[in-house]
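Raw query-v6.cif, mmCIF, C-alpha atoms:
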```cif
data_input
#
loop_
_atom_site.label_atom_id
_atom_site.label_comp_id
_atom_site.auth_asym_id
_atom_site.auth_seq_id
_atom_site.Cartn_x
_atom_site.Cartn_y
_atom_site.Cartn_z
CA MET Q 1 -2.47 22.75 -22.77
CA GLU Q 2 -4.90 23.97 -25.38
CA SER Q 3 -5.48 27.65 -26.02
CA LYS Q 4 -8.90 28.90 -24.99
CA LYS Q 5 -10.66 31.64 -26.88
CA ALA Q 6 -9.98 35.12 -25.56
CA THR Q 7 -12.77 36.52 -23.37
CA SER Q 8 -12.11 39.39 -20.95
CA PRO Q 9 -8.55 40.03 -19.87
CA ILE Q 10 -7.66 39.53 -16.19
CA ALA Q 11 -4.94 42.18 -16.49
CA ARG Q 12 -3.91 44.92 -18.90
CA TYR Q 13 -0.68 46.86 -19.15
CA HIS Q 14 -0.14 49.90 -21.33
CA LEU Q 15 3.44 50.66 -22.32
CA GLU Q 16 4.09 54.24 -23.32
CA PRO Q 17 6.72 54.57 -26.08
CA GLN Q 18 10.24 53.59 -24.94
CA THR Q 19 9.10 52.05 -21.63
CA GLY Q 20 8.81 48.56 -20.16
CA THR Q 21 7.01 46.56 -17.51
CA ALA Q 22 7.16 43.21 -15.74
CA PHE Q 23 4.47 40.99 -14.25
CA SER Q 24 3.77 37.42 -13.15
CA VAL Q 25 1.56 34.91 -14.91
CA LEU Q 26 0.46 31.45 -13.92
CA ARG Q 27 0.84 28.29 -15.97
CA GLY Q 28 -1.96 28.14 -18.52
CA GLN Q 29 -2.59 31.88 -18.69
CA ARG Q 30 -2.28 33.59 -22.05
CA ILE Q 31 -0.53 36.87 -22.87
CA ARG Q 32 -1.34 39.05 -25.82
CA VAL Q 33 1.25 41.60 -26.89
CA ILE Q 34 -0.45 44.18 -29.09
CA ASP Q 35 1.15 46.73 -31.38
CA ALA Q 36 -1.01 49.79 -30.70
CA GLU Q 37 -0.14 51.86 -33.78
CA GLY Q 38 1.81 49.48 -36.03
CA GLU Q 39 5.50 48.93 -36.98
CA GLN Q 40 6.56 48.67 -33.32
CA VAL Q 41 8.85 46.05 -31.77
CA ALA Q 42 8.30 44.63 -28.25
CA ASP Q 43 11.14 42.77 -26.54
CA LEU Q 44 9.92 39.94 -24.31
CA THR Q 45 11.97 37.97 -21.81
CA CYS Q 46 10.92 35.62 -19.01
CA PHE Q 47 12.13 33.76 -15.96
CA ALA Q 48 10.71 30.75 -14.11
CA GLY Q 49 8.57 31.83 -11.16
CA ARG Q 50 10.10 29.15 -8.93
CA ASP Q 51 13.73 30.01 -9.73
CA THR Q 52 14.97 33.04 -11.62
CA GLU Q 53 18.14 31.19 -12.63
CA GLU Q 54 15.88 29.47 -15.18
CA TYR Q 55 15.36 31.85 -18.09
CA LEU Q 56 14.35 32.10 -21.72
CA SER Q 57 17.03 30.59 -23.99
CA SER Q 58 17.21 31.59 -27.64
CA GLY Q 59 19.90 28.98 -28.20
CA ARG Q 60 17.85 26.05 -26.93
CA THR Q 61 14.67 27.32 -28.59
CA ILE Q 62 16.40 27.54 -31.98
CA ASP Q 63 17.89 24.08 -31.46
CA TYR Q 64 14.60 22.33 -30.59
CA ASN Q 65 12.47 24.12 -33.15
CA GLU Q 66 15.17 23.74 -35.83
CA LYS Q 67 14.44 27.26 -37.08
CA ILE Q 68 15.16 30.88 -36.25
CA TYR Q 69 11.74 32.34 -37.12
CA LEU Q 70 9.10 31.18 -34.63
CA THR Q 71 5.35 31.37 -35.00
CA THR Q 72 2.04 29.66 -34.10
CA GLY Q 73 2.61 26.14 -32.80
CA ASP Q 74 6.22 26.74 -31.73
CA THR Q 75 7.48 26.61 -28.16
CA LEU Q 76 9.97 28.88 -26.39
CA TYR Q 77 12.30 26.92 -24.09
CA SER Q 78 14.34 27.75 -21.00
CA ASN Q 79 18.06 27.27 -20.38
CA LEU Q 80 17.03 23.99 -18.69
CA SER Q 81 15.10 22.88 -21.80
CA ASN Q 82 11.69 23.27 -20.18
CA PRO Q 83 8.84 24.78 -22.22
CA MET Q 84 8.17 28.34 -21.01
CA LEU Q 85 5.74 29.75 -23.59
CA ASP Q 86 3.79 28.31 -26.51
CA ILE Q 87 2.95 30.63 -29.38
CA THR Q 88 -0.78 30.01 -29.68
CA ASP Q 89 -1.86 32.72 -32.13
CA ASP Q 90 0.44 34.71 -34.38
CA PRO Q 91 -1.19 36.32 -37.41
CA VAL Q 92 1.91 38.46 -38.05
CA GLY Q 93 4.42 35.61 -38.11
CA LYS Q 94 7.73 37.48 -38.12
CA HIS Q 95 9.88 38.05 -35.06
CA ASP Q 96 13.60 38.08 -34.21
CA PHE Q 97 15.39 35.95 -31.63
CA LEU Q 98 19.01 36.86 -32.42
CA PHE Q 99 19.58 40.46 -31.32
CA ALA Q 100 20.33 41.47 -27.74
CA PRO Q 101 17.92 44.04 -26.26
CA CYS Q 102 18.96 47.54 -27.25
CA SER Q 103 21.13 49.18 -24.58
CA ARG Q 104 22.75 52.47 -23.68
CA GLU Q 105 26.04 51.07 -25.06
CA MET Q 106 24.34 50.15 -28.34
CA PHE Q 107 23.04 53.69 -28.72
CA ARG Q 108 26.53 55.01 -28.01
CA LEU Q 109 28.31 52.68 -30.44
CA THR Q 110 25.78 52.56 -33.25
CA TYR Q 111 24.10 55.95 -33.07
CA GLY Q 112 26.78 58.08 -31.32
CA GLU Q 113 24.41 59.02 -28.47
CA ARG Q 114 26.46 60.53 -25.64
CA ASP Q 115 23.81 60.69 -22.94
CA PRO Q 116 21.96 57.55 -21.89
CA HIS Q 117 19.19 56.96 -24.42
CA PRO Q 118 16.00 55.13 -23.40
CA ASN Q 119 16.63 51.45 -24.16
CA CYS Q 120 15.10 48.00 -23.71
CA LEU Q 121 17.82 46.62 -21.44
CA ASP Q 122 17.48 49.39 -18.86
CA ASN Q 123 13.68 49.20 -19.10
CA LEU Q 124 13.75 45.43 -18.53
CA ALA Q 125 16.28 45.71 -15.71
CA GLN Q 126 14.26 48.39 -13.92
CA SER Q 127 11.02 46.44 -14.30
CA LEU Q 128 12.49 43.07 -13.32
CA GLY Q 129 14.60 44.42 -10.45
CA PRO Q 130 11.80 44.15 -7.87
CA PHE Q 131 11.53 40.43 -8.77
CA GLY Q 132 15.16 39.97 -7.72
CA ILE Q 133 16.49 39.79 -11.27
CA ARG Q 134 19.67 41.70 -12.07
CA ALA Q 135 20.61 43.29 -15.39
CA PHE Q 136 23.38 40.81 -16.21
CA GLN Q 137 20.83 37.97 -16.02
CA ILE Q 138 18.70 39.36 -18.86
CA PRO Q 139 19.26 37.10 -21.87
CA ILE Q 140 18.63 37.62 -25.55
CA ALA Q 141 14.96 38.57 -25.71
CA PHE Q 142 12.27 37.31 -28.02
CA ASN Q 143 11.98 40.42 -30.16
CA ILE Q 144 8.31 40.40 -31.05
CA PHE Q 145 7.50 41.91 -34.47
CA MET Q 146 11.21 42.69 -35.11
CA ASN Q 147 11.74 42.00 -38.80
CA THR Q 148 15.28 40.86 -39.56
CA ALA Q 149 16.49 39.29 -42.78
CA ILE Q 150 19.59 37.16 -43.28
CA SER Q 151 21.34 36.90 -46.62
CA PRO Q 152 23.05 33.65 -47.67
CA ASP Q 153 26.47 35.02 -46.62
CA GLY Q 154 25.12 35.67 -43.11
CA ALA Q 155 24.67 39.46 -43.33
CA ILE Q 156 21.73 40.49 -41.17
CA THR Q 157 19.57 43.53 -41.88
CA VAL Q 158 16.82 45.16 -39.87
CA LYS Q 159 13.61 45.90 -41.75
CA THR Q 160 10.29 47.51 -40.86
CA PRO Q 161 7.89 45.36 -38.81
CA LEU Q 162 5.01 43.83 -40.76
CA THR Q 163 2.43 44.99 -38.19
CA ARG Q 164 -0.45 47.42 -38.49
CA ALA Q 165 -2.31 49.01 -35.58
CA GLY Q 166 -3.92 46.35 -33.38
CA ASP Q 167 -1.85 43.40 -34.61
CA TYR Q 168 -0.89 41.00 -31.84
CA ILE Q 169 0.81 37.77 -30.83
CA GLU Q 170 -0.64 35.44 -28.21
CA LEU Q 171 1.51 33.19 -26.04
CA GLN Q 172 0.46 30.69 -23.37
CA ALA Q 173 2.56 30.14 -20.25
CA GLN Q 174 3.74 26.54 -19.83
CA MET Q 175 4.98 27.23 -16.29
CA ASP Q 176 4.56 30.02 -13.73
CA LEU Q 177 6.55 32.92 -15.14
CA ILE Q 178 7.91 36.38 -14.47
CA ILE Q 179 7.68 38.22 -17.78
CA GLY Q 180 9.28 41.48 -18.89
CA VAL Q 181 8.10 43.35 -21.99
CA THR Q 182 9.19 46.63 -23.56
CA ALA Q 183 8.03 49.02 -26.22
CA CYS Q 184 11.40 49.09 -28.00
CA SER Q 185 13.30 52.39 -27.98
CA ALA Q 186 15.42 51.95 -31.13
CA GLY Q 187 15.00 53.83 -34.36
CA LYS Q 188 15.64 51.46 -37.20
CA CYS Q 189 13.65 48.45 -36.05
CA ASN Q 190 10.54 50.62 -35.42
CA ASN Q 191 10.68 52.50 -38.74
CA PHE Q 192 12.07 55.53 -36.83
CA ARG Q 193 8.88 56.13 -34.85
CA CYS Q 194 8.70 54.66 -31.33
CA THR Q 195 5.08 53.99 -30.31
CA ALA Q 196 3.05 52.28 -27.59
CA VAL Q 197 2.50 48.60 -26.83
CA ASP Q 198 -0.47 47.05 -25.01
CA ILE Q 199 -0.48 43.79 -23.10
CA GLU Q 200 -3.49 41.73 -22.10
CA VAL Q 201 -3.42 38.65 -19.87
CA TYR Q 202 -6.20 36.06 -20.10
CA GLY Q 203 -7.02 33.42 -17.47
CA MET K 1 46.14 45.61 -30.97
CA GLU K 2 47.83 43.93 -33.91
CA SER K 3 48.29 40.20 -34.11
CA LYS K 4 51.88 39.03 -33.83
CA LYS K 5 53.12 35.99 -35.71
CA ALA K 6 52.88 32.76 -33.72
CA THR K 7 56.16 31.66 -32.18
CA SER K 8 56.21 29.19 -29.28
CA PRO K 9 53.07 28.78 -27.21
CA ILE K 10 53.18 29.82 -23.56
CA ALA K 11 50.51 27.21 -22.74
CA ARG K 12 48.96 24.18 -24.36
CA TYR K 13 45.81 22.29 -23.49
CA HIS K 14 44.78 18.97 -24.99
CA LEU K 15 41.09 18.12 -24.88
CA GLU K 16 40.27 14.46 -25.15
CA PRO K 17 37.02 13.77 -27.04
CA GLN K 18 33.90 14.97 -25.19
CA THR K 19 35.81 16.95 -22.57
CA GLY K 20 36.43 20.62 -21.73
CA THR K 21 38.80 22.96 -19.96
CA ALA K 22 39.05 26.53 -18.73
CA PHE K 23 41.99 28.90 -18.33
CA SER K 24 42.89 32.56 -17.98
CA VAL K 25 44.51 34.75 -20.61
CA LEU K 26 45.75 38.31 -20.45
CA ARG K 27 44.80 41.13 -22.77
CA GLY K 28 46.82 40.85 -25.97
CA GLN K 29 47.46 37.11 -25.74
CA ARG K 30 46.32 34.94 -28.61
CA ILE K 31 44.49 31.62 -28.47
CA ARG K 32 44.56 29.00 -31.18
CA VAL K 33 41.83 26.37 -31.15
CA ILE K 34 42.96 23.47 -33.31
CA ASP K 35 40.86 20.64 -34.70
CA ALA K 36 43.19 17.67 -34.17
CA GLU K 37 41.60 15.19 -36.57
CA GLY K 38 39.06 17.25 -38.56
CA GLU K 39 35.25 17.72 -38.61
CA GLN K 40 35.15 18.53 -34.87
CA VAL K 41 33.31 21.40 -33.17
CA ALA K 42 34.74 23.32 -30.17
CA ASP K 43 32.38 25.46 -28.06
CA LEU K 44 34.09 28.55 -26.66
CA THR K 45 32.73 30.92 -24.04
CA CYS K 46 34.41 33.62 -21.98
CA PHE K 47 34.02 35.95 -19.03
CA ALA K 48 35.80 39.15 -18.08
CA GLY K 49 38.65 38.48 -15.67
CA ARG K 50 37.72 41.49 -13.53
CA ASP K 51 34.02 40.58 -13.21
CA THR K 52 32.38 37.34 -14.26
CA GLU K 53 29.03 39.08 -14.67
CA GLU K 54 30.50 40.36 -17.94
CA TYR K 55 30.30 37.56 -20.49
CA LEU K 56 30.33 36.78 -24.20
CA SER K 57 27.13 37.98 -25.88
CA SER K 58 26.03 36.45 -29.17
CA GLY K 59 23.23 39.01 -29.39
CA ARG K 60 25.48 42.06 -29.14
CA THR K 61 28.14 40.49 -31.37
CA ILE K 62 25.60 39.81 -34.13
CA ASP K 63 24.23 43.35 -33.75
CA TYR K 64 27.60 45.14 -34.02
CA ASN K 65 29.02 42.95 -36.78
CA GLU K 66 25.71 42.99 -38.68
CA LYS K 67 26.14 39.31 -39.52
CA ILE K 68 25.75 35.86 -38.02
CA TYR K 69 28.86 34.25 -39.53
CA LEU K 70 32.02 35.69 -38.01
CA THR K 71 35.55 35.37 -39.33
CA THR K 72 38.94 37.13 -39.57
CA GLY K 73 38.66 40.82 -38.69
CA ASP K 74 35.47 40.45 -36.65
CA THR K 75 35.19 41.14 -32.93
CA LEU K 76 33.29 39.19 -30.26
CA TYR K 77 31.59 41.51 -27.75
CA SER K 78 30.45 41.18 -24.15
CA ASN K 79 27.01 41.83 -22.65
CA LEU K 80 28.39 45.29 -21.79
CA SER K 81 29.42 45.89 -25.43
CA ASN K 82 33.14 45.69 -24.71
CA PRO K 83 35.39 43.85 -27.18
CA MET K 84 36.41 40.49 -25.68
CA LEU K 85 38.11 38.67 -28.57
CA ASP K 86 39.21 39.62 -32.07
CA ILE K 87 39.31 36.88 -34.69
CA THR K 88 42.84 37.38 -36.03
CA ASP K 89 43.28 34.33 -38.26
CA ASP K 90 40.51 32.07 -39.51
CA PRO K 91 41.34 30.01 -42.59
CA VAL K 92 38.23 27.84 -42.09
CA GLY K 93 35.73 30.71 -41.92
CA LYS K 94 32.56 28.93 -40.79
CA HIS K 95 31.30 28.86 -37.21
CA ASP K 96 27.93 29.01 -35.44
CA PHE K 97 26.83 31.54 -32.81
CA LEU K 98 23.14 30.59 -32.49
CA PHE K 99 22.95 27.19 -30.78
CA ALA K 100 23.18 26.74 -27.02
CA PRO K 101 25.94 24.37 -25.85
CA CYS K 102 24.75 20.77 -26.01
CA SER K 103 23.39 19.60 -22.67
CA ARG K 104 22.12 16.52 -20.89
CA GLU K 105 18.56 17.74 -21.57
CA MET K 106 19.32 18.14 -25.28
CA PHE K 107 20.56 14.56 -25.45
CA ARG K 108 17.41 13.42 -23.68
CA LEU K 109 15.00 15.41 -25.87
CA THR K 110 16.72 15.06 -29.24
CA TYR K 111 18.46 11.70 -28.98
CA GLY K 112 16.37 9.91 -26.31
CA GLU K 113 19.40 9.34 -24.07
CA ARG K 114 18.18 8.30 -20.61
CA ASP K 115 21.46 8.50 -18.71
CA PRO K 116 23.46 11.73 -18.66
CA HIS K 117 25.45 11.89 -21.87
CA PRO K 118 28.76 13.79 -22.00
CA ASN K 119 27.89 17.32 -23.08
CA CYS K 120 29.39 20.77 -23.57
CA LEU K 121 27.35 22.53 -20.90
CA ASP K 122 28.40 20.16 -18.11
CA ASN K 123 31.99 20.24 -19.36
CA LEU K 124 32.01 24.04 -19.36
CA ALA K 125 30.30 24.22 -15.95
CA GLN K 126 32.78 21.79 -14.39
CA SER K 127 35.76 23.61 -15.89
CA LEU K 128 34.52 27.11 -15.05
CA GLY K 129 33.26 26.25 -11.56
CA PRO K 130 36.65 26.83 -9.88
CA PHE K 131 36.60 30.38 -11.35
CA GLY K 132 33.35 31.06 -9.47
CA ILE K 133 31.13 30.74 -12.54
CA ARG K 134 27.90 28.79 -12.19
CA ALA K 135 26.16 26.74 -14.89
CA PHE K 136 23.23 29.14 -15.32
CA GLN K 137 25.68 31.93 -16.21
CA ILE K 138 27.01 30.10 -19.27
CA PRO K 139 25.65 31.91 -22.33
CA ILE K 140 25.31 30.83 -25.93
CA ALA K 141 28.83 29.81 -26.88
CA PHE K 142 30.81 30.67 -29.99
CA ASN K 143 30.59 27.26 -31.65
CA ILE K 144 33.91 27.08 -33.45
CA PHE K 145 33.82 25.07 -36.72
CA MET K 146 30.08 24.28 -36.24
CA ASN K 147 28.61 24.43 -39.73
CA THR K 148 24.97 25.52 -39.71
CA ALA K 149 22.93 26.62 -42.70
CA ILE K 150 19.78 28.72 -42.67
CA SER K 151 17.21 28.51 -45.45
CA PRO K 152 15.22 31.61 -46.48
CA ASP K 153 12.22 30.47 -44.39
CA GLY K 154 14.45 30.31 -41.29
CA ALA K 155 14.90 26.52 -41.06
CA ILE K 156 18.33 25.77 -39.62
CA THR K 157 20.28 22.62 -40.40
CA VAL K 158 23.50 21.24 -38.96
CA LYS K 159 26.12 20.19 -41.48
CA THR K 160 29.59 18.64 -41.26
CA PRO K 161 32.39 21.03 -40.25
CA LEU K 162 34.64 22.20 -43.08
CA THR K 163 37.82 21.39 -41.13
CA ARG K 164 40.57 18.88 -41.81
CA ALA K 165 43.16 17.70 -39.28
CA GLY K 166 45.22 20.62 -37.99
CA ASP K 167 42.86 23.40 -39.05
CA TYR K 168 42.59 26.21 -36.51
CA ILE K 169 41.15 29.56 -35.58
CA GLU K 170 43.19 32.25 -33.80
CA LEU K 171 41.63 34.83 -31.49
CA GLN K 172 43.28 37.67 -29.60
CA ALA K 173 42.07 38.72 -26.15
CA GLN K 174 40.96 42.36 -25.96
CA MET K 175 40.70 42.22 -22.15
CA ASP K 176 41.83 39.82 -19.42
CA LEU K 177 39.59 36.78 -19.81
CA ILE K 178 38.52 33.48 -18.33
CA ILE K 179 37.93 31.17 -21.27
CA GLY K 180 36.14 27.82 -21.43
CA VAL K 181 36.52 25.50 -24.43
CA THR K 182 35.12 22.04 -25.16
CA ALA K 183 35.60 19.27 -27.66
CA CYS K 184 31.89 18.99 -28.46
CA SER K 185 30.12 15.77 -27.46
CA ALA K 186 27.26 15.77 -29.97
CA GLY K 187 26.84 13.44 -32.91
CA LYS K 188 25.46 15.38 -35.80
CA CYS K 189 27.63 18.49 -35.67
CA ASN K 190 30.83 16.37 -35.56
CA ASN K 191 29.86 14.03 -38.40
CA PHE K 192 29.08 11.35 -35.78
CA ARG K 193 32.68 10.98 -34.62
CA CYS K 194 33.75 12.95 -31.53
CA THR K 195 37.48 13.69 -31.59
CA ALA K 196 40.13 15.76 -29.77
CA VAL K 197 40.78 19.51 -29.73
CA ASP K 198 44.08 21.22 -29.00
CA ILE K 199 44.52 24.73 -27.66
CA GLU K 200 47.64 26.88 -27.78
CA VAL K 201 48.11 30.24 -26.08
CA TYR K 202 50.67 32.72 -27.41
CA GLY K 203 52.13 35.68 -25.51
#
```

Show me this structure written as structure tokens.
Amino acid sequence: MESKKATSPIARYHLEPQTGTAFSVLRGQRIRVIDAEGEQVADLTCFAGRDTEEYLSSGRTIDYNEKIYLTTGDTLYSNLSNPMLDITDDPVGKHDFLFAPCSREMFRLTYGERDPHPNCLDNLAQSLGPFGIRAFQIPIAFNIFMNTAISPDGAITVKTPLTRAGDYIELQAQMDLIIGVTACSAGKCNNFRCTAVDIEVYG
Amino acid sequence: MESKKATSPIARYHLEPQTGTAFSVLRGQRIRVIDAEGEQVADLTCFAGRDTEEYLSSGRTIDYNEKIYLTTGDTLYSNLSNPMLDITDDPVGKHDFLFAPCSREMFRLTYGERDPHPNCLDNLAQSLGPFGIRAFQIPIAFNIFMNTAISPDGAITVKTPLTRAGDYIELQAQMDLIIGVTACSAGKCNNFRCTAVDIEVYG
């Protein structure tokens, strides 16, 4: 399927800082994830509309694309090797597909937070729950705008996203999908300032 | 828990080429995965004995270890951030934790195989089925001895394992576990010669 030029969105979602949402899209529809203020990560995961046991697979996507950094022209695959999303427009060009969504346990272990801290996993689980998806089913997300760097010895570091206000990525659904997206709650990957994310869906 | 020196194994499993198995271990027990002939990959996955919705998480492991190449002294974590396995002895020191287990779809897409080819996902699913674990629950495995290299632009290539006959890795269970292991069925990552894997469990 070819990407059509964006006209008016058929749906919009505004994510306040440290929140998430979930929604359905049909095959062929396009989703824009927009960094409202800049330097903000958005975790995206998805499930097949026909069967939520089919889900986004980082491991198969990395295998078939033969790379860890995905951008325009690349396809995100499911755990059954079916194309789920094509990246149709990606002016930023740097995202992560290795880290698990941030979680209350991550904030406890890494940051010493005692009380539950807002986090992407809980936000995805809450948003996807009404679709019948349970927290343990949420896989490694496509961490949009997350800027990680790997040194030759395998050490991985988290850097500031390359985005400025209004920067976006556009993806086109290759099957009917249930999609979850967050405005990431973590400090380091958002340059210690958690901000809003906007989503637009085009028919 | 400290690692004790290997004495006599309490269990042994021999994996013929392109096969898999699954077994339970108790907290504190150690597992040696041995490359019988050299240059052979073994996919390992695991689930918590008390609840199979807790499973090995590449994404959390990479986060907490701050690296993608794991070796002696590193810990493999679950999707709930609990330690599952410590790597207690790893003379080889090169493994992959990014690729999904090879699958019938991978052999179709990458190698053009029309009939189902032996593969790690089916072997893990068959072996783990009697434990109540279904195929869709099998996450990205810890691909023991799989030798992948990442270039600065993110391109990932599969190289020949660094192992010779008899080389091993030893892991110690940090909770009661159900473990699945395969002798990988793929060509490229095993230098185009699929061979046997031996497993020993120590008390």

Using only C-alpha atoms, the best pick from Q:Gln18, Q:Ser24, Q:Thr157, Q:Ser8 as closest to chain K would be Q:Thr157

Give me, as a tab-separated table (two decimals) with C-alpha atoms, keeping the file's coordinate frame, the residues of chain K touching chain Q, with the criterion being at most 9 Å (counting all atoms listed in the file).
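Below is the file that was written, result.tsv:
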```tsv
chain	number	residue	atom	x	y	z
K	53	GLU	CA	29.03	39.08	-14.67
K	54	GLU	CA	30.50	40.36	-17.94
K	55	TYR	CA	30.30	37.56	-20.49
K	57	SER	CA	27.13	37.98	-25.88
K	58	SER	CA	26.03	36.45	-29.17
K	59	GLY	CA	23.23	39.01	-29.39
K	60	ARG	CA	25.48	42.06	-29.14
K	61	THR	CA	28.14	40.49	-31.37
K	62	ILE	CA	25.60	39.81	-34.13
K	63	ASP	CA	24.23	43.35	-33.75
K	64	TYR	CA	27.60	45.14	-34.02
K	65	ASN	CA	29.02	42.95	-36.78
K	66	GLU	CA	25.71	42.99	-38.68
K	67	LYS	CA	26.14	39.31	-39.52
K	68	ILE	CA	25.75	35.86	-38.02
K	69	TYR	CA	28.86	34.25	-39.53
K	70	LEU	CA	32.02	35.69	-38.01
K	79	ASN	CA	27.01	41.83	-22.65
K	80	LEU	CA	28.39	45.29	-21.79
K	81	SER	CA	29.42	45.89	-25.43
K	82	ASN	CA	33.14	45.69	-24.71
K	97	PHE	CA	26.83	31.54	-32.81
K	98	LEU	CA	23.14	30.59	-32.49
K	99	PHE	CA	22.95	27.19	-30.78
K	100	ALA	CA	23.18	26.74	-27.02
K	101	PRO	CA	25.94	24.37	-25.85
K	102	CYS	CA	24.75	20.77	-26.01
K	103	SER	CA	23.39	19.60	-22.67
K	105	GLU	CA	18.56	17.74	-21.57
K	106	MET	CA	19.32	18.14	-25.28
K	109	LEU	CA	15.00	15.41	-25.87
K	110	THR	CA	16.72	15.06	-29.24
K	136	PHE	CA	23.23	29.14	-15.32
K	137	GLN	CA	25.68	31.93	-16.21
K	139	PRO	CA	25.65	31.91	-22.33
K	140	ILE	CA	25.31	30.83	-25.93
K	149	ALA	CA	22.93	26.62	-42.70
K	150	ILE	CA	19.78	28.72	-42.67
K	151	SER	CA	17.21	28.51	-45.45
K	152	PRO	CA	15.22	31.61	-46.48
K	153	ASP	CA	12.22	30.47	-44.39
K	154	GLY	CA	14.45	30.31	-41.29
K	155	ALA	CA	14.90	26.52	-41.06
K	156	ILE	CA	18.33	25.77	-39.62
K	157	THR	CA	20.28	22.62	-40.40
```

query: Any chance you could work out the residue set of the PyMOL selection byres ((chain Q and resi 198) around 9) here, as a ChimeraX atom specification?
result: /Q:12-16,32-36,183,196-197,199-200

Atoms kept (C-alpha atoms) for selection, written as a PDB file, in the frame of the given file:
```pdb
ATOM      1  CA  ARG Q  12      -3.910  44.920 -18.900  1.00  0.00           C
ATOM      2  CA  TYR Q  13      -0.680  46.860 -19.150  1.00  0.00           C
ATOM      3  CA  HIS Q  14      -0.140  49.900 -21.330  1.00  0.00           C
ATOM      4  CA  LEU Q  15       3.440  50.660 -22.320  1.00  0.00           C
ATOM      5  CA  GLU Q  16       4.090  54.240 -23.320  1.00  0.00           C
ATOM      6  CA  ARG Q  32      -1.340  39.050 -25.820  1.00  0.00           C
ATOM      7  CA  VAL Q  33       1.250  41.600 -26.890  1.00  0.00           C
ATOM      8  CA  ILE Q  34      -0.450  44.180 -29.090  1.00  0.00           C
ATOM      9  CA  ASP Q  35       1.150  46.730 -31.380  1.00  0.00           C
ATOM     10  CA  ALA Q  36      -1.010  49.790 -30.700  1.00  0.00           C
ATOM     11  CA  ALA Q 183       8.030  49.020 -26.220  1.00  0.00           C
ATOM     12  CA  ALA Q 196       3.050  52.280 -27.590  1.00  0.00           C
ATOM     13  CA  VAL Q 197       2.500  48.600 -26.830  1.00  0.00           C
ATOM     14  CA  ILE Q 199      -0.480  43.790 -23.100  1.00  0.00           C
ATOM     15  CA  GLU Q 200      -3.490  41.730 -22.100  1.00  0.00           C
TER      16      GLU Q 200
END
```

Nearest to Thr160 (chain K), restricted to all atoms listed in the file and choosing among K:Asp96, K:Glu39, K:Asp74, K:Asp115, comes out as K:Glu39

Starting from 5 Å padding per side, set up an axis-aligned box that covers all listed atoms of region 43-58 of chain K and hand over centre and edge lengths in Å, one decimal, as JSON.
```
{"center_x": 32.3, "center_y": 33.5, "center_z": -21.2, "size_x": 22.6, "size_y": 26.0, "size_z": 26.0}
```

Do a neighbour search on Leu26 (chain K) at 7 Å with only C-alpha atoms, toss out local chain neighbours closer than 3 positions, and write the hits as a short mmCIF file (atom, residue, chain, number, x, y, z; two decimals) with C-alpha atoms, in the frame of the given file.
```
data_model
loop_
_atom_site.label_atom_id
_atom_site.label_comp_id
_atom_site.auth_asym_id
_atom_site.auth_seq_id
_atom_site.Cartn_x
_atom_site.Cartn_y
_atom_site.Cartn_z
CA GLN K 29 47.46 37.11 -25.74
CA ALA K 173 42.07 38.72 -26.15
CA MET K 175 40.70 42.22 -22.15
CA ASP K 176 41.83 39.82 -19.42
CA LEU K 177 39.59 36.78 -19.81
#
```

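Atom pair CA of His95 (chain K) / CA of Glu170 (chain K) has a distance of 12.8 Å (rounded to one decimal).
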
Evaluate the PyMOL selection byres ((chain K and resi 165) around 6) and record the selected residues as an MDAnalysis selection string, following the chain and residue labels used in the document. chainID K and resid 35:38 164 166:167

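Pairwise distance (CA of Gly28 (chain Q), CA of Gly203 (chain Q)) equals 7.4 Å.
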
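Between CA of Thr45 (chain K) and CA of Asn119 (chain K) there is a distance of 14.5 Å.
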
**Prompt:** If the PyMOL selection byres ((chain K and resi 22) around 10) is run on the structure shown, which residues does it catch, given as JSON, numbers by chain?
**Reply:** {"K": [13, 20, 21, 23, 24, 44, 45, 46, 123, 124, 125, 126, 127, 128, 129, 130, 131, 178, 179, 180, 181, 182]}

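When all atoms listed in the file are used to compute distances to Met146 (chain Q), the closest of the residues Q:Leu121, Q:Ile10, Q:Leu171, Q:Cys189 turns out to be Q:Cys189.
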
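Here the question is which of Q:Leu76, Q:Ile31, Q:Leu85, Q:Val25 gets nearest to Arg50 (chain Q) using all atoms listed in the file, and that residue is Q:Val25.
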